[in-house]
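> This structure is in structure tokens; I'll ask about it shortly.
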Amino acid sequence: MQASISLSVASHSSPAITRSERTVEFISNNALKPMKLRFCGLRREALEFNALKWPDSRPAASSGRSSSRKFSASLSDNGVPSKGFDYDLVIIGAGVGGHGAAFHALEKGLKTAIIEGDVVGGTCVNRGCVPSKALLAVSGRMREFQSEHHLKALGLQGPQKVKYRKVGFSDNVITAKDIIIATGSVPFVPKGIEVDGKTVITSDHALKLESVPDWIAIVGSGHIGLEFSDVYTALGSEVTFIEALDQLVPGFDPEIGKLAQRTLINPRKIDYHTGVFASKITPAKDGKPVTIELIDAKTKEPKDTLEVDAALIATGRAPFTKGLGLENINVETQRGFVPVDERIRVIDKNGNLVPHVYCIGDSNGKLMLAHAASAQGISVVEQVSGKDHVLNHLSIPAACFTHPEISMVGFTEPQAREKGAKEGFEVSVAKTSFKANTKALAENEGEGLAKLIYRPDNGEILGVHIFGLHAADLIHEASNAIALGTRVQNIKFAVHAHSTLSEVLDELFKSAKVVSESRTSHNRSAQPPQNGMPCTSVRKKNQAPILQIMSFVFEYLSRLINWLCSFVIKLLH
């Protein structure tokens, strides 16, 4: 026998039915009069079973009574109700209890009706047990997705988050698709040195001094120390360099470094101690001068004690990476520097890339230069915008703004020769003097040298170093040539205005000898002239001795001009 559940709903014949007008008629056993119960919020769709359908026939409406609609879901053959009743059982309420009783009634063969004023399922299904369990399930998944450990176990990464806080305010958390660390650096102060910002200072304080010391010791003779020695000696101070290495001005090409010492240090009021550490520096106090205790850099034995008016700590800069929470992304710094690959992407302690995190500038230690940081930042933006980009750090120039200036790009000569020995290629060097440049002589700045380091087999530019007037401006022709991969045999045909300092580079490139170029020139000489014009040589073979003679003549003329100027000035006085 099949059974069915039917739901009878009474509705007014009026086309517009409001919630308050919906009623359910319940006929009591004594059938004296109908009882009207308010039927709130009937949702027809909630009552649809798998085979919900309207009956084909509907009973006609009796006068004074609303017409009746009947929903039925055929689960089995309709039961036969007891005589005198429409149903064996009517259940008011289709919650868990009601539908549980209804299904059991089906099993017993009872013809059953359910009346529900809201939605089938009642509180449990719609507002209680079931939705609360769904909410708990969703929140549990959310908790799992907030656990980086759980996500990593599933091979998933959550969004990049940055927590920051303004002084006096609570933490803020923001997310981003990509993150760039660009926190820079701070002056590095070795242990044992006490900085008071007045008599023992860093490069940060040196820009805000209210007076010029008579005698200042500068710890470190690199770029920073050399520039400040130029400043202080020009202002009348005596300078003492304290250098841990055995030679002054480290970091430069050795030949350029020697020229710098001969020009920027030896003629000036500068003395120096090399191969020593400043193990302890005490600021001036109570009328006592600044005291500096020196020890041997190798044996650590005491060497000397200096008493000076001030001390400038120019031992370089240290990355500013503490407190960034790098441990949260499994990154360990190396001497404070954040490890990165050639695309400036951060590398964790296991050697794996940290997705979407980059580090530029002084914090990564590749090149502690402002313009290098800018170039790295531009490179990263290219990558996160969808275009692959690798910055050639060998093409980034550096400069020391002394008088005269020093500039460089690429390898030093020892570095280039070491690379050549490993990779099996020869290294050649070409040089030219500022004394052969008319603009330099006219400005009485003939002291200077330009040096080209290159491969004679293919003309690749390995490095360029310049010491002389406006060297920091001249270096960019060489750095751009390295960046663009321009070879010596091509750049030597570039035209430079006369008379300008740029002709120093013009002469430098033209003096380089490339093997492949000489072969090409030999082949060209055997070919007939093109367009009826004779082939002309760009450079004569015997031009090198001529340059030496010209250099001598220009130097002589320069000295003569200086003597005449001095003579005229004396006459005027």
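Chain lettering (A, B, ...) mirrors the order of the structure tokens, residue numbering begins at 1 for each chain separately, and ligand numbering begins at 1 in order of display.
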List as a PyMOL selection string the protein and nucleic acid residues near His223 (chain A), meaning an atom at most 8 Å away when only C-alpha atoms are counted, but skip any in the same chain fewer than 2 places from it.
chain A and resi 221+225-227+249+400
> Region 96-245 of chain A: which residues are strand (DSSP E or B) by DSSP, as a ChimeraX atom specification?
/A:112-115,121,160-164,172-176,179-181,185-187,193,200-202,215-219,238-243
> CA of Leu312 (chain A) and CA of Lys198 (chain A), how far apart in Å?
9.9 Å
> As a PyMOL selection string, please: all residues of region 99-334 of chain A that backbone DSSP puts in alpha helix (DSSP H).
chain A and resi 99-107+122-126+129-145+148-153+203-206+223-234+254-260
> Within 10 Å of region 256-268 of chain A, counting only C-alpha atoms, which residues show up once you throw out same-chain ones fewer than 4 positions away? Write them as an MDAnalysis selection string, please.
chainID A and resid 226:227 229:230 233:234 238:239 241 247:252 272 402:408 412 447:451 465:468
> Could you check which of A:Leu235, A:Pro213, A:Ile270, A:Ala399 is closest to Val308 (chain A), using only C-alpha atoms?
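Under the stated criterion, the closest residue is A:Pro213.
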> Between A:Val380, A:Ile329, A:Ala284, A:Ile193, which is the closest to Leu353 (chain A) once you count only C-alpha atoms?
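Using only C-alpha atoms, the shortest distance to Leu353 (chain A) belongs to A:Ile329.
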> Any idea what's packed within 12 Å of region 157-171 of chain A, counting only C-alpha atoms, ignoring anything in its chain fewer than 5 positions away? Could you give it as a PyMOL selection string?
chain A and resi 142+144-152+176-181+323-326+328-329+354-358
> Save out the residues we just selected, N, CA and C atoms, as a PDB file, in the first residue's frame.

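result_16.pdb was written with the following content:
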```pdb
ATOM      1  N   MET A 142      37.410  28.835   7.906  1.00  0.00           N
ATOM      2  CA  MET A 142      38.048  30.147   7.941  1.00  0.00           C
ATOM      3  C   MET A 142      39.243  30.139   8.887  1.00  0.00           C
ATOM      4  N   GLU A 144      41.053  27.599   9.638  1.00  0.00           N
ATOM      5  CA  GLU A 144      42.122  26.849   8.989  1.00  0.00           C
ATOM      6  C   GLU A 144      42.823  27.690   7.930  1.00  0.00           C
ATOM      7  N   PHE A 145      42.023  28.468   7.178  1.00  0.00           N
ATOM      8  CA  PHE A 145      42.610  29.289   6.134  1.00  0.00           C
ATOM      9  C   PHE A 145      43.410  30.460   6.700  1.00  0.00           C
ATOM     10  N   GLN A 146      43.150  30.807   7.962  1.00  0.00           N
ATOM     11  CA  GLN A 146      43.932  31.851   8.610  1.00  0.00           C
ATOM     12  C   GLN A 146      45.222  31.316   9.210  1.00  0.00           C
ATOM     13  N   SER A 147      45.376  30.022   9.232  1.00  0.00           N
ATOM     14  CA  SER A 147      46.585  29.393   9.765  1.00  0.00           C
ATOM     15  C   SER A 147      47.586  29.171   8.641  1.00  0.00           C
ATOM     16  N   GLU A 148      48.686  29.915   8.662  1.00  0.00           N
ATOM     17  CA  GLU A 148      49.693  29.764   7.616  1.00  0.00           C
ATOM     18  C   GLU A 148      50.275  28.352   7.617  1.00  0.00           C
ATOM     19  N   HIS A 149      50.402  27.770   8.807  1.00  0.00           N
ATOM     20  CA  HIS A 149      50.928  26.408   8.903  1.00  0.00           C
ATOM     21  C   HIS A 149      50.009  25.432   8.179  1.00  0.00           C
ATOM     22  N   HIS A 150      48.709  25.585   8.391  1.00  0.00           N
ATOM     23  CA  HIS A 150      47.743  24.689   7.744  1.00  0.00           C
ATOM     24  C   HIS A 150      47.768  24.892   6.229  1.00  0.00           C
ATOM     25  N   LEU A 151      47.822  26.149   5.792  1.00  0.00           N
ATOM     26  CA  LEU A 151      47.842  26.431   4.355  1.00  0.00           C
ATOM     27  C   LEU A 151      49.085  25.871   3.691  1.00  0.00           C
ATOM     28  N   LYS A 152      50.246  26.058   4.349  1.00  0.00           N
ATOM     29  CA  LYS A 152      51.487  25.540   3.781  1.00  0.00           C
ATOM     30  C   LYS A 152      51.448  24.016   3.694  1.00  0.00           C
ATOM     31  N   ALA A 176      48.334  42.972   0.436  1.00  0.00           N
ATOM     32  CA  ALA A 176      48.752  43.415  -0.895  1.00  0.00           C
ATOM     33  C   ALA A 176      49.146  42.208  -1.718  1.00  0.00           C
ATOM     34  N   LYS A 177      49.016  42.339  -3.022  1.00  0.00           N
ATOM     35  CA  LYS A 177      49.426  41.258  -3.910  1.00  0.00           C
ATOM     36  C   LYS A 177      50.943  41.111  -3.878  1.00  0.00           C
ATOM     37  N   ASP A 178      51.678  42.237  -3.830  1.00  0.00           N
ATOM     38  CA  ASP A 178      53.138  42.216  -3.803  1.00  0.00           C
ATOM     39  C   ASP A 178      53.640  43.210  -2.766  1.00  0.00           C
ATOM     40  N   ILE A 179      54.809  42.919  -2.213  1.00  0.00           N
ATOM     41  CA  ILE A 179      55.406  43.754  -1.168  1.00  0.00           C
ATOM     42  C   ILE A 179      56.858  44.035  -1.531  1.00  0.00           C
ATOM     43  N   ILE A 180      57.279  45.289  -1.402  1.00  0.00           N
ATOM     44  CA  ILE A 180      58.678  45.679  -1.596  1.00  0.00           C
ATOM     45  C   ILE A 180      59.234  46.168  -0.266  1.00  0.00           C
ATOM     46  N   ILE A 181      60.325  45.561   0.176  1.00  0.00           N
ATOM     47  CA  ILE A 181      61.043  46.028   1.368  1.00  0.00           C
ATOM     48  C   ILE A 181      62.094  47.033   0.900  1.00  0.00           C
ATOM     49  N   GLY A 323      63.381  44.270  13.238  1.00  0.00           N
ATOM     50  CA  GLY A 323      62.005  44.572  13.594  1.00  0.00           C
ATOM     51  C   GLY A 323      61.011  44.481  12.460  1.00  0.00           C
ATOM     52  N   LEU A 324      61.425  43.926  11.327  1.00  0.00           N
ATOM     53  CA  LEU A 324      60.503  43.804  10.193  1.00  0.00           C
ATOM     54  C   LEU A 324      59.652  42.537  10.259  1.00  0.00           C
ATOM     55  N   GLY A 325      59.978  41.640  11.194  1.00  0.00           N
ATOM     56  CA  GLY A 325      59.215  40.388  11.273  1.00  0.00           C
ATOM     57  C   GLY A 325      59.537  39.427  10.153  1.00  0.00           C
ATOM     58  N   LEU A 326      60.788  39.465   9.664  1.00  0.00           N
ATOM     59  CA  LEU A 326      61.181  38.589   8.562  1.00  0.00           C
ATOM     60  C   LEU A 326      61.106  37.116   8.945  1.00  0.00           C
ATOM     61  N   ASN A 328      58.707  35.739  10.208  1.00  0.00           N
ATOM     62  CA  ASN A 328      57.356  35.257   9.888  1.00  0.00           C
ATOM     63  C   ASN A 328      57.266  34.676   8.489  1.00  0.00           C
ATOM     64  N   ILE A 329      58.202  35.046   7.625  1.00  0.00           N
ATOM     65  CA  ILE A 329      58.226  34.481   6.263  1.00  0.00           C
ATOM     66  C   ILE A 329      59.466  33.606   6.073  1.00  0.00           C
ATOM     67  N   VAL A 354      60.508  33.578  -1.654  1.00  0.00           N
ATOM     68  CA  VAL A 354      59.306  33.962  -0.915  1.00  0.00           C
ATOM     69  C   VAL A 354      58.368  34.635  -1.908  1.00  0.00           C
ATOM     70  N   PRO A 355      57.229  34.039  -2.210  1.00  0.00           N
ATOM     71  CA  PRO A 355      56.364  34.592  -3.266  1.00  0.00           C
ATOM     72  C   PRO A 355      55.923  36.018  -2.974  1.00  0.00           C
ATOM     73  N   HIS A 356      56.006  36.872  -3.999  1.00  0.00           N
ATOM     74  CA  HIS A 356      55.451  38.229  -3.973  1.00  0.00           C
ATOM     75  C   HIS A 356      56.174  39.189  -3.028  1.00  0.00           C
ATOM     76  N   VAL A 357      57.360  38.842  -2.554  1.00  0.00           N
ATOM     77  CA  VAL A 357      58.100  39.730  -1.656  1.00  0.00           C
ATOM     78  C   VAL A 357      59.456  40.052  -2.270  1.00  0.00           C
ATOM     79  N   TYR A 358      59.776  41.349  -2.345  1.00  0.00           N
ATOM     80  CA  TYR A 358      61.015  41.831  -2.942  1.00  0.00           C
ATOM     81  C   TYR A 358      61.738  42.724  -1.939  1.00  0.00           C
TER      82      TYR A 358
END
```
> Determine the nearest neighbour of Leu474 (chain A) from the options A:Pro397, A:Gly287, A:Gly97, A:Gly336, counting only C-alpha atoms.
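Of A:Pro397, A:Gly287, A:Gly97, A:Gly336, the one nearest Leu474 (chain A) is A:Pro397, counting only C-alpha atoms.
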> Measure the distance from CA of Gly192 (chain A) to CA of Ile216 (chain A) in Å and round it to one decimal.
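CA of Gly192 (chain A) sits 18.3 Å away from CA of Ile216 (chain A).
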> Taking 6 positions as the minimum chain separation for residues in the same chain, which residues sit within 10 Å of region 199-208 of chain A when counting only C-alpha atoms? Answer as a compact mmCIF listing (two decimals) with N, CA and C atoms, in the first residue's frame.

```
# COMPACT_ATOMS: atom_id res chain seq x y z
N VAL A 186 71.53 52.56 7.86
CA VAL A 186 71.93 53.56 8.86
C VAL A 186 73.45 53.52 8.96
N PRO A 187 74.08 54.58 9.46
CA PRO A 187 75.54 54.54 9.62
C PRO A 187 75.96 53.38 10.52
N PHE A 188 77.01 52.69 10.09
CA PHE A 188 77.53 51.57 10.87
C PHE A 188 78.57 52.09 11.87
N VAL A 189 78.36 51.77 13.13
CA VAL A 189 79.28 52.19 14.19
C VAL A 189 79.86 50.94 14.85
N ILE A 193 82.95 52.23 20.13
CA ILE A 193 82.91 53.64 19.74
C ILE A 193 81.63 54.27 20.29
N ILE A 216 90.44 66.73 13.14
CA ILE A 216 89.41 65.69 13.13
C ILE A 216 89.99 64.39 12.61
N ALA A 217 89.70 63.32 13.32
CA ALA A 217 90.09 61.99 12.86
C ALA A 217 88.92 61.38 12.11
N ILE A 218 89.20 60.78 10.96
CA ILE A 218 88.17 60.13 10.16
C ILE A 218 88.46 58.64 10.13
N VAL A 219 87.55 57.85 10.69
CA VAL A 219 87.72 56.41 10.74
C VAL A 219 87.14 55.82 9.47
N ILE A 224 82.92 57.76 1.71
CA ILE A 224 82.42 58.75 2.67
C ILE A 224 83.56 59.51 3.32
N GLY A 225 84.57 58.75 3.80
CA GLY A 225 85.70 59.40 4.46
C GLY A 225 86.47 60.32 3.53
N PHE A 228 84.50 63.65 2.96
CA PHE A 228 84.54 64.56 4.10
C PHE A 228 85.94 65.11 4.36
N ILE A 281 86.69 54.72 21.24
CA ILE A 281 86.68 56.17 21.03
C ILE A 281 85.77 56.78 22.09
N THR A 282 86.32 57.75 22.83
CA THR A 282 85.58 58.41 23.89
C THR A 282 85.36 59.87 23.52
N PRO A 283 84.12 60.35 23.55
CA PRO A 283 83.86 61.75 23.20
C PRO A 283 84.55 62.73 24.14
N ALA A 284 84.72 63.95 23.66
CA ALA A 284 85.29 65.02 24.49
C ALA A 284 84.33 65.35 25.63
N LYS A 285 84.92 65.56 26.83
CA LYS A 285 84.09 65.83 27.99
C LYS A 285 84.92 66.52 29.07
N PRO A 289 89.95 66.17 25.41
CA PRO A 289 89.70 65.95 23.98
C PRO A 289 89.13 64.56 23.71
N VAL A 290 88.79 64.32 22.49
CA VAL A 290 88.37 62.99 22.05
C VAL A 290 89.58 62.08 22.07
N THR A 291 89.45 60.92 22.70
CA THR A 291 90.56 59.97 22.75
C THR A 291 90.24 58.75 21.89
N VAL A 308 92.19 64.10 19.71
CA VAL A 308 91.79 65.02 18.65
C VAL A 308 90.57 65.81 19.10
N ASP A 309 90.19 66.80 18.28
CA ASP A 309 89.04 67.63 18.62
C ASP A 309 87.71 66.95 18.28
N ALA A 310 87.73 66.12 17.25
CA ALA A 310 86.51 65.43 16.84
C ALA A 310 86.88 64.17 16.08
N ALA A 311 85.91 63.27 15.98
CA ALA A 311 86.11 62.03 15.24
C ALA A 311 84.85 61.75 14.41
N LEU A 312 85.09 61.47 13.13
CA LEU A 312 83.99 61.12 12.22
C LEU A 312 84.06 59.62 11.92
N ILE A 313 82.98 58.92 12.19
CA ILE A 313 82.93 57.48 11.93
C ILE A 313 82.40 57.28 10.52
N ALA A 314 83.29 56.88 9.61
CA ALA A 314 82.94 56.69 8.20
C ALA A 314 83.25 55.25 7.79
N THR A 315 82.75 54.33 8.58
CA THR A 315 83.03 52.90 8.36
C THR A 315 81.93 52.22 7.54
N GLY A 316 81.19 53.00 6.80
CA GLY A 316 80.16 52.42 5.95
C GLY A 316 78.79 52.48 6.59
N ARG A 317 77.86 51.76 6.01
CA ARG A 317 76.48 51.77 6.47
C ARG A 317 75.98 50.35 6.68
```
